[in-house]
file upload.txt (compact mmCIF, C-alpha atoms and all ligand atoms)
# COMPACT_ATOMS: atom_id res chain seq x y z
CA MET A 1 -35.05 17.41 13.38
CA ASN A 2 -36.89 16.95 16.71
CA GLY A 3 -35.65 16.14 20.19
CA THR A 4 -36.72 12.50 20.15
CA ASN A 5 -34.68 11.77 17.03
CA ASP A 6 -31.64 13.57 18.46
CA THR A 7 -31.85 11.44 21.60
CA THR A 8 -32.18 8.22 19.60
CA LYS A 9 -29.19 9.18 17.46
CA TRP A 10 -26.76 9.45 20.35
CA LEU A 11 -28.32 6.88 22.65
CA PHE A 12 -27.56 3.87 20.46
CA PRO A 13 -23.85 4.64 19.99
CA ALA A 14 -23.60 5.39 23.73
CA VAL A 15 -25.08 2.00 24.60
CA LEU A 16 -22.79 0.33 22.08
CA VAL A 17 -19.73 2.01 23.58
CA LEU A 18 -20.83 0.89 27.04
CA ILE A 19 -21.22 -2.73 25.92
CA VAL A 20 -17.79 -2.67 24.27
CA MET A 21 -16.28 -1.22 27.45
CA MET A 22 -17.91 -3.96 29.53
CA LEU A 23 -16.65 -6.68 27.20
CA ALA A 24 -13.17 -5.17 27.26
CA ALA A 25 -13.22 -5.12 31.06
CA LEU A 26 -14.32 -8.76 31.17
CA THR A 27 -11.74 -10.00 28.69
CA THR A 28 -8.67 -7.91 29.59
CA PRO A 29 -6.30 -9.74 31.92
CA SER A 30 -5.67 -7.67 35.03
CA SER A 31 -1.92 -8.29 35.01
CA GLY A 32 -1.38 -8.93 31.29
CA LYS A 33 1.77 -7.87 29.46
CA GLY A 34 2.45 -7.35 25.79
CA LEU A 35 0.08 -8.10 22.95
CA SER A 36 -0.95 -11.65 23.70
CA TYR A 37 -4.38 -12.33 25.20
CA SER A 38 -5.30 -15.80 26.38
CA GLN A 39 -8.96 -15.21 25.57
CA GLY A 40 -11.31 -12.49 24.50
CA LEU A 41 -11.94 -10.27 21.54
CA GLU A 42 -8.40 -9.09 20.93
CA MET A 43 -5.95 -11.60 19.52
CA LEU A 44 -2.61 -10.03 18.63
CA THR A 45 0.45 -12.20 18.97
CA GLU A 46 3.86 -11.41 17.55
CA ALA A 47 4.51 -14.31 15.18
CA GLY A 48 8.04 -13.56 14.05
CA THR A 49 10.67 -10.97 13.19
CA TYR A 50 12.49 -10.69 9.88
CA ASP A 51 15.48 -8.57 8.92
CA VAL A 52 14.82 -6.48 5.81
CA GLY A 53 16.72 -3.54 4.30
CA ALA A 54 17.53 -0.29 6.10
CA ASN A 55 14.66 1.94 7.22
CA PRO A 56 11.71 -0.21 6.16
CA PHE A 57 8.95 2.23 5.43
CA VAL A 58 5.86 0.72 3.80
CA VAL A 59 4.66 -2.88 3.75
CA ILE A 60 2.04 -4.39 1.43
CA SER A 61 0.82 -7.92 0.77
CA ASP A 62 0.06 -9.84 -2.40
CA ASP A 63 0.56 -13.38 -3.66
CA ILE A 64 3.80 -12.61 -5.46
CA ASP A 65 4.73 -16.18 -6.40
CA GLY A 66 1.17 -17.24 -7.21
CA ASN A 67 1.09 -20.24 -4.85
CA GLY A 68 -2.02 -19.12 -2.98
CA THR A 69 -0.24 -17.74 0.09
CA ALA A 70 0.02 -14.08 1.09
CA ASP A 71 3.53 -12.71 0.63
CA LEU A 72 5.01 -9.41 1.84
CA VAL A 73 6.74 -6.58 -0.01
CA VAL A 74 8.60 -3.98 2.06
CA ALA A 75 9.93 -0.65 0.79
CA ASN A 76 13.28 0.11 2.46
CA HIS A 77 13.80 3.86 2.34
CA GLY A 78 17.39 3.82 3.55
CA ALA A 79 18.46 0.85 1.47
CA GLY A 80 16.95 2.13 -1.77
CA GLY A 81 15.16 -1.09 -2.56
CA ILE A 82 12.53 -3.59 -1.59
CA SER A 83 12.49 -6.82 0.37
CA VAL A 84 10.16 -9.63 -0.71
CA LEU A 85 9.19 -12.31 1.80
CA MET A 86 7.35 -15.37 0.54
CA GLY A 87 4.61 -16.60 2.86
CA ARG A 88 4.51 -20.25 3.85
CA GLY A 89 0.81 -19.86 4.59
CA ASP A 90 1.19 -20.43 8.31
CA GLY A 91 2.37 -16.98 9.39
CA ARG A 92 6.01 -17.72 8.65
CA PHE A 93 8.00 -16.37 5.73
CA ASP A 94 10.96 -17.32 3.58
CA GLY A 95 13.49 -14.69 2.60
CA PRO A 96 13.69 -11.82 2.37
CA ALA A 97 15.01 -11.46 -1.13
CA ASP A 98 16.21 -7.90 -1.69
CA PHE A 99 15.97 -5.95 -4.94
CA PRO A 100 17.50 -2.48 -5.47
CA THR A 101 15.20 0.18 -6.95
CA GLY A 102 16.38 3.76 -6.42
CA ALA A 103 17.38 6.20 -3.70
CA GLY A 104 14.79 6.82 -1.03
CA THR A 105 12.40 3.97 -1.78
CA PHE A 106 9.06 5.17 -0.51
CA GLY A 107 5.76 3.86 -1.92
CA VAL A 108 5.04 0.41 -3.25
CA ALA A 109 2.04 -1.16 -5.02
CA THR A 110 1.42 -4.35 -6.95
CA ALA A 111 -0.47 -4.93 -10.21
CA ASP A 112 0.03 -6.99 -13.34
CA PHE A 113 1.51 -4.17 -15.38
CA ASP A 114 2.78 -6.27 -18.31
CA GLY A 115 -0.34 -8.43 -18.54
CA ASP A 116 1.38 -11.81 -18.20
CA GLY A 117 -0.76 -12.85 -15.22
CA THR A 118 1.82 -12.22 -12.49
CA PRO A 119 1.81 -9.32 -10.01
CA ASP A 120 4.53 -6.79 -10.75
CA ILE A 121 5.65 -4.08 -8.34
CA ALA A 122 5.64 -0.31 -8.76
CA ILE A 123 7.96 1.59 -6.41
CA SER A 124 8.49 5.32 -5.94
CA ASN A 125 12.02 6.51 -5.25
CA GLU A 126 11.74 9.76 -3.35
CA LEU A 127 15.33 10.91 -3.60
CA ASN A 128 15.96 10.40 -7.31
CA ASN A 129 12.49 11.37 -8.52
CA THR A 130 11.70 8.13 -10.32
CA LEU A 131 9.33 5.23 -10.31
CA SER A 132 10.70 1.73 -10.72
CA ILE A 133 8.68 -1.15 -12.13
CA LEU A 134 9.93 -4.59 -11.17
CA PHE A 135 8.57 -7.29 -13.46
CA ASN A 136 7.73 -10.62 -11.91
CA SER A 137 9.09 -13.75 -13.55
CA SER A 138 9.89 -17.29 -12.53
CA SER A 139 13.42 -16.12 -11.74
CA GLY A 140 12.30 -13.31 -9.43
CA PHE A 141 12.45 -9.65 -10.35
CA ALA A 142 15.34 -9.60 -12.81
CA SER A 143 13.79 -6.95 -15.07
CA LYS A 144 13.40 -3.34 -13.91
CA ALA A 145 12.24 -0.21 -15.70
CA ASP A 146 12.83 3.29 -14.31
CA ILE A 147 10.41 6.06 -15.17
CA PRO A 148 10.75 9.81 -14.44
CA ALA A 149 8.32 11.13 -11.80
CA GLY A 150 7.94 14.56 -10.24
CA GLY A 151 9.87 15.91 -7.26
CA GLY A 152 9.83 13.53 -4.30
CA PRO A 153 7.33 10.85 -5.36
CA HIS A 154 5.59 9.40 -2.32
CA VAL A 155 2.82 6.78 -1.83
CA VAL A 156 1.84 5.01 -5.06
CA ALA A 157 -1.75 4.25 -6.14
CA VAL A 158 -2.79 1.89 -8.91
CA ALA A 159 -6.00 1.81 -10.98
CA ASP A 160 -7.09 1.47 -14.59
CA PHE A 161 -7.63 5.19 -15.19
CA ASP A 162 -8.24 5.01 -18.95
CA ALA A 163 -10.33 1.80 -18.81
CA ASP A 164 -8.20 -0.08 -21.34
CA GLY A 165 -7.76 -3.08 -19.05
CA ALA A 166 -4.16 -2.26 -18.12
CA ALA A 167 -3.17 -1.06 -14.64
CA ASP A 168 -2.03 2.57 -14.51
CA ILE A 169 -0.21 4.49 -11.78
CA ALA A 170 -0.86 7.69 -9.83
CA VAL A 171 1.79 9.13 -7.54
CA PRO A 172 1.83 12.32 -5.48
CA ASN A 173 4.99 14.40 -5.85
CA TYR A 174 5.74 15.83 -2.44
CA HIS A 175 8.09 18.59 -3.60
CA SER A 176 6.25 19.44 -6.83
CA ASN A 177 2.77 19.82 -5.27
CA SER A 178 1.38 17.65 -8.02
CA VAL A 179 0.06 14.20 -8.79
CA SER A 180 1.48 12.36 -11.78
CA VAL A 181 -0.68 9.88 -13.65
CA LEU A 182 1.20 7.41 -15.81
CA LEU A 183 -0.90 5.44 -18.30
CA ASN A 184 0.16 1.92 -19.14
CA GLN A 185 0.53 1.15 -22.83
CA GLY A 186 -0.61 -2.39 -22.03
CA ASP A 187 2.79 -4.06 -21.89
CA GLY A 188 4.21 -2.44 -18.76
CA THR A 189 5.66 0.54 -20.61
CA PHE A 190 4.09 3.87 -19.78
CA HIS A 191 3.16 7.05 -21.60
CA GLU A 192 4.88 10.16 -20.33
CA LYS A 193 3.41 11.32 -17.02
CA VAL A 194 0.58 13.84 -16.91
CA ASP A 195 0.73 16.13 -13.89
CA SER A 196 -2.13 17.77 -12.04
CA SER A 197 -1.59 20.43 -9.39
CA VAL A 198 -2.80 19.61 -5.89
CA HIS A 199 -2.55 21.12 -2.42
CA ARG A 200 0.88 21.54 -0.80
CA ARG A 201 3.04 18.58 0.16
CA PRO A 202 0.95 15.74 -1.28
CA PHE A 203 1.91 12.59 0.57
CA SER A 204 -0.46 9.67 -0.02
CA ALA A 205 -2.88 8.85 -2.82
CA VAL A 206 -5.65 6.31 -3.16
CA ALA A 207 -7.63 5.55 -6.31
CA ALA A 208 -11.32 4.67 -6.10
CA ASP A 209 -14.56 5.59 -7.83
CA LEU A 210 -15.48 8.45 -5.53
CA SER A 211 -17.99 10.14 -7.83
CA GLY A 212 -19.94 7.00 -8.73
CA ASP A 213 -19.54 7.29 -12.49
CA GLY A 214 -17.62 4.04 -12.81
CA ALA A 215 -14.24 5.73 -13.40
CA PRO A 216 -11.52 5.75 -10.74
CA ASP A 217 -10.82 9.07 -9.05
CA ILE A 218 -7.86 10.00 -6.84
CA ALA A 219 -7.87 11.22 -3.23
CA VAL A 220 -4.64 12.82 -2.02
CA THR A 221 -3.48 13.84 1.44
CA SER A 222 -1.64 17.12 2.01
CA TYR A 223 1.05 16.65 4.62
CA CA A 301 2.67 -16.64 -2.10
CA CA A 302 3.23 -9.32 -14.63
CA CA A 303 -5.19 1.66 -18.21
call {"tool": "encode", "arguments": {"input": "upload.txt", "output": "structure tokens"}}
result
Amino acid sequence: MNGTNDTTKWLFPAVLVLIVMMLAALTTPSSGKGLSYSQGLEMLTEAGTYDVGANPFVVISDDIDGNGTADLVVANHGAGGISVLMGRGDGRFDGPADFPTGAGTFGVATADFDGDGTPDIAISNELNNTLSILFNSSSGFASKADIPAGGGPHVVAVADFDADGAADIAVPNYHSNSVSVLLNQGDGTFHEKVDSSVHRRPFSAVAADLSGDGAPDIAVTSY
């Protein structure tokens, strides 16, 4: 590595940072308040506020009712359940509709676990060491299955780990220092969990093909 290359490597980012700073200076109102900008690069405006269950913890989005609009699912840690808000497609939402899951609702992820074409919801319940699967139907989420997890299940990840076409679940167990993988039998019922030891206090997991062999791997944070 020679000096010219070193200079080139830092010069471009430095110029880029300078340009961004100049643009920010030009577009930031001198006496602005809050999140709303009348013009410029940054456009954050609070569109609405909705009351969900106690201690809302994690929020995700999916088209729960299949009408083409993005809906919201919120895990309410204190309430032990989720709130589902159906998007009108214009930034406003109907609901929430609340569904109990288990004590200490923590992580939430959607996938079509029972293969009927609708997104179902997997939820981890930190305080009673279970996962809940809420099955989506035209009448809401009337059907729930509870599955044993490890100690203190946290943020849920979903992927097809055994490549059978059915969505499986990985969840870090905060108090067990492990990650549980639960393989879907294809109909939304799951084989008994298989645990792998990980570093202390695993908190969040994400599934992706990190090794490039076509099979999903799991990255876990250690709190
Ligand atoms: Ca929708
Ligand atoms: Ca489904
Ligand atoms: Ca699978």
call {"tool": "closest_atom_pairs", "arguments": {"input": "upload.txt", "of": "region 136-170 of chain A", "to": "region 115-124 of chain A", "cutoff": "8 Å", "atoms": "all atoms listed in the file", "output": "Markdown table"}}
result
| residue | atom | partner | partner_atom | distance |
| --- | --- | --- | --- | --- |
| A:Asn136 | CA | A:Asp120 | CA | 5.1 |
| A:Ser137 | CA | A:Thr118 | CA | 7.5 |
| A:Pro153 | CA | A:Ser124 | CA | 5.7 |
| A:His154 | CA | A:Ser124 | CA | 6.2 |
| A:Val155 | CA | A:Ser124 | CA | 7.2 |
| A:Val156 | CA | A:Ser124 | CA | 6.7 |
| A:Ala166 | CA | A:Gly115 | CA | 7.3 |
call {"tool": "residues_near_ligand", "arguments": {"input": "upload.txt", "ligand": "ligand CA 303 (chain A)", "cutoff": "12 Å", "atoms": "all atoms listed in the file", "output": "MDAnalysis selection string"}}
result
chainID A and resid 111:115 158:170 181:191 215:216
call {"tool": "residues_near_point", "arguments": {"input": "upload.txt", "point": "(14.4, 11.2, -15.0)", "cutoff": "10 Å", "atoms": "all atoms listed in the file", "output": "list in words"}}
result
Asn128, Asn129, Thr130, Leu131, Asp146, Ile147, Pro148, Ala149 and Gly150 of chain A
call {"tool": "atom_distance", "arguments": {"input": "upload.txt", "atom1": "CA of Ser211 (chain A)", "atom2": "CA of Val171 (chain A)"}}
result
19.8 Å
call {"tool": "closest_residue", "arguments": {"input": "upload.txt", "among": "A:Asn67, A:Thr101, A:Ser138, A:Asn76", "to": "ligand CA 302 (chain A)", "atoms": "only C-alpha atoms and all ligand atoms"}}
result
A:Ser138
call {"tool": "residues_near_point", "arguments": {"input": "upload.txt", "point": "(6.6, -11.5, -4.1)", "cutoff": "7 Å", "atoms": "all atoms listed in the file", "output": "list in words"}}
result
Asp62, Asp63, Ile64, Asp65, Asp71, Leu72, Val73, Val84, Leu85 and Met86 of chain A
call {"tool": "atom_distance", "arguments": {"input": "upload.txt", "atom1": "CA of Leu127 (chain A)", "atom2": "CA of Ser176 (chain A)"}}
result
12.9 Å
call {"tool": "build_atoms", "arguments": {"input": "upload.txt", "residues": "region 128-158 of chain A", "atoms": "N, CA and C atoms", "output": "PDB file, in the coordinates of the input"}}
result
ATOM      1  N   ASN A 128      15.496  10.157  -5.927  1.00  0.00           N
ATOM      2  CA  ASN A 128      15.960  10.400  -7.310  1.00  0.00           C
ATOM      3  C   ASN A 128      14.812  10.627  -8.287  1.00  0.00           C
ATOM      4  N   ASN A 129      13.621  10.899  -7.719  1.00  0.00           N
ATOM      5  CA  ASN A 129      12.490  11.370  -8.520  1.00  0.00           C
ATOM      6  C   ASN A 129      12.122  10.414  -9.653  1.00  0.00           C
ATOM      7  N   THR A 130      12.074   9.134  -9.305  1.00  0.00           N
ATOM      8  CA  THR A 130      11.700   8.130 -10.320  1.00  0.00           C
ATOM      9  C   THR A 130      10.698   7.148  -9.729  1.00  0.00           C
ATOM     10  N   LEU A 131      10.049   6.444 -10.644  1.00  0.00           N
ATOM     11  CA  LEU A 131       9.330   5.230 -10.310  1.00  0.00           C
ATOM     12  C   LEU A 131      10.117   4.067 -10.892  1.00  0.00           C
ATOM     13  N   SER A 132      10.130   2.956 -10.167  1.00  0.00           N
ATOM     14  CA  SER A 132      10.700   1.730 -10.720  1.00  0.00           C
ATOM     15  C   SER A 132       9.572   0.707 -10.852  1.00  0.00           C
ATOM     16  N   ILE A 133       9.590  -0.023 -11.956  1.00  0.00           N
ATOM     17  CA  ILE A 133       8.680  -1.150 -12.130  1.00  0.00           C
ATOM     18  C   ILE A 133       9.536  -2.412 -12.132  1.00  0.00           C
ATOM     19  N   LEU A 134       9.249  -3.293 -11.193  1.00  0.00           N
ATOM     20  CA  LEU A 134       9.930  -4.590 -11.170  1.00  0.00           C
ATOM     21  C   LEU A 134       8.974  -5.630 -11.732  1.00  0.00           C
ATOM     22  N   PHE A 135       9.424  -6.315 -12.785  1.00  0.00           N
ATOM     23  CA  PHE A 135       8.570  -7.290 -13.460  1.00  0.00           C
ATOM     24  C   PHE A 135       8.814  -8.684 -12.896  1.00  0.00           C
ATOM     25  N   ASN A 136       7.724  -9.311 -12.560  1.00  0.00           N
ATOM     26  CA  ASN A 136       7.730 -10.620 -11.910  1.00  0.00           C
ATOM     27  C   ASN A 136       7.944 -11.710 -12.957  1.00  0.00           C
ATOM     28  N   SER A 137       8.884 -12.596 -12.680  1.00  0.00           N
ATOM     29  CA  SER A 137       9.090 -13.750 -13.550  1.00  0.00           C
ATOM     30  C   SER A 137       9.461 -14.938 -12.685  1.00  0.00           C
ATOM     31  N   SER A 138       9.578 -16.081 -13.297  1.00  0.00           N
ATOM     32  CA  SER A 138       9.890 -17.290 -12.530  1.00  0.00           C
ATOM     33  C   SER A 138      11.252 -17.179 -11.858  1.00  0.00           C
ATOM     34  N   SER A 139      12.100 -16.281 -12.338  1.00  0.00           N
ATOM     35  CA  SER A 139      13.420 -16.120 -11.740  1.00  0.00           C
ATOM     36  C   SER A 139      13.477 -14.912 -10.810  1.00  0.00           C
ATOM     37  N   GLY A 140      12.307 -14.442 -10.341  1.00  0.00           N
ATOM     38  CA  GLY A 140      12.300 -13.310  -9.430  1.00  0.00           C
ATOM     39  C   GLY A 140      11.991 -12.014 -10.157  1.00  0.00           C
ATOM     40  N   PHE A 141      12.701 -10.972  -9.766  1.00  0.00           N
ATOM     41  CA  PHE A 141      12.450  -9.650 -10.350  1.00  0.00           C
ATOM     42  C   PHE A 141      13.718  -9.182 -11.064  1.00  0.00           C
ATOM     43  N   ALA A 142      14.099  -9.901 -12.121  1.00  0.00           N
ATOM     44  CA  ALA A 142      15.340  -9.600 -12.810  1.00  0.00           C
ATOM     45  C   ALA A 142      15.210  -8.361 -13.698  1.00  0.00           C
ATOM     46  N   SER A 143      13.980  -8.049 -14.123  1.00  0.00           N
ATOM     47  CA  SER A 143      13.790  -6.950 -15.070  1.00  0.00           C
ATOM     48  C   SER A 143      13.188  -5.737 -14.369  1.00  0.00           C
ATOM     49  N   LYS A 144      13.849  -4.584 -14.547  1.00  0.00           N
ATOM     50  CA  LYS A 144      13.400  -3.340 -13.910  1.00  0.00           C
ATOM     51  C   LYS A 144      13.379  -2.213 -14.924  1.00  0.00           C
ATOM     52  N   ALA A 145      12.313  -1.415 -14.865  1.00  0.00           N
ATOM     53  CA  ALA A 145      12.240  -0.210 -15.700  1.00  0.00           C
ATOM     54  C   ALA A 145      12.150   0.993 -14.774  1.00  0.00           C
ATOM     55  N   ASP A 146      12.875   2.053 -15.102  1.00  0.00           N
ATOM     56  CA  ASP A 146      12.830   3.290 -14.310  1.00  0.00           C
ATOM     57  C   ASP A 146      12.161   4.386 -15.130  1.00  0.00           C
ATOM     58  N   ILE A 147      11.240   5.078 -14.490  1.00  0.00           N
ATOM     59  CA  ILE A 147      10.410   6.060 -15.170  1.00  0.00           C
ATOM     60  C   ILE A 147      10.505   7.388 -14.426  1.00  0.00           C
ATOM     61  N   PRO A 148      10.696   8.518 -15.130  1.00  0.00           N
ATOM     62  CA  PRO A 148      10.750   9.810 -14.440  1.00  0.00           C
ATOM     63  C   PRO A 148       9.424  10.145 -13.756  1.00  0.00           C
ATOM     64  N   ALA A 149       9.498  10.628 -12.518  1.00  0.00           N
ATOM     65  CA  ALA A 149       8.320  11.130 -11.800  1.00  0.00           C
ATOM     66  C   ALA A 149       8.563  12.601 -11.503  1.00  0.00           C
ATOM     67  N   GLY A 150       7.718  13.183 -10.657  1.00  0.00           N
ATOM     68  CA  GLY A 150       7.940  14.560 -10.240  1.00  0.00           C
ATOM     69  C   GLY A 150       8.914  14.611  -9.082  1.00  0.00           C
ATOM     70  N   GLY A 151       8.948  15.727  -8.369  1.00  0.00           N
ATOM     71  CA  GLY A 151       9.870  15.910  -7.260  1.00  0.00           C
ATOM     72  C   GLY A 151       9.403  15.213  -6.000  1.00  0.00           C
ATOM     73  N   GLY A 152      10.151  14.216  -5.554  1.00  0.00           N
ATOM     74  CA  GLY A 152       9.830  13.530  -4.300  1.00  0.00           C
ATOM     75  C   GLY A 152       8.582  12.686  -4.359  1.00  0.00           C
ATOM     76  N   PRO A 153       8.532  11.705  -5.287  1.00  0.00           N
ATOM     77  CA  PRO A 153       7.330  10.850  -5.360  1.00  0.00           C
ATOM     78  C   PRO A 153       7.143  10.069  -4.070  1.00  0.00           C
ATOM     79  N   HIS A 154       5.897  10.030  -3.608  1.00  0.00           N
ATOM     80  CA  HIS A 154       5.590   9.400  -2.320  1.00  0.00           C
ATOM     81  C   HIS A 154       4.741   8.138  -2.524  1.00  0.00           C
ATOM     82  N   VAL A 155       3.587   8.038  -1.869  1.00  0.00           N
ATOM     83  CA  VAL A 155       2.820   6.780  -1.830  1.00  0.00           C
ATOM     84  C   VAL A 155       2.111   6.525  -3.169  1.00  0.00           C
ATOM     85  N   VAL A 156       2.313   5.350  -3.722  1.00  0.00           N
ATOM     86  CA  VAL A 156       1.840   5.010  -5.060  1.00  0.00           C
ATOM     87  C   VAL A 156       0.421   4.445  -5.015  1.00  0.00           C
ATOM     88  N   ALA A 157      -0.415   4.844  -5.980  1.00  0.00           N
ATOM     89  CA  ALA A 157      -1.750   4.250  -6.140  1.00  0.00           C
ATOM     90  C   ALA A 157      -1.850   3.643  -7.533  1.00  0.00           C
ATOM     91  N   VAL A 158      -2.631   2.585  -7.642  1.00  0.00           N
ATOM     92  CA  VAL A 158      -2.790   1.890  -8.910  1.00  0.00           C
ATOM     93  C   VAL A 158      -4.271   1.757  -9.243  1.00  0.00           C
TER      94      VAL A 158
END
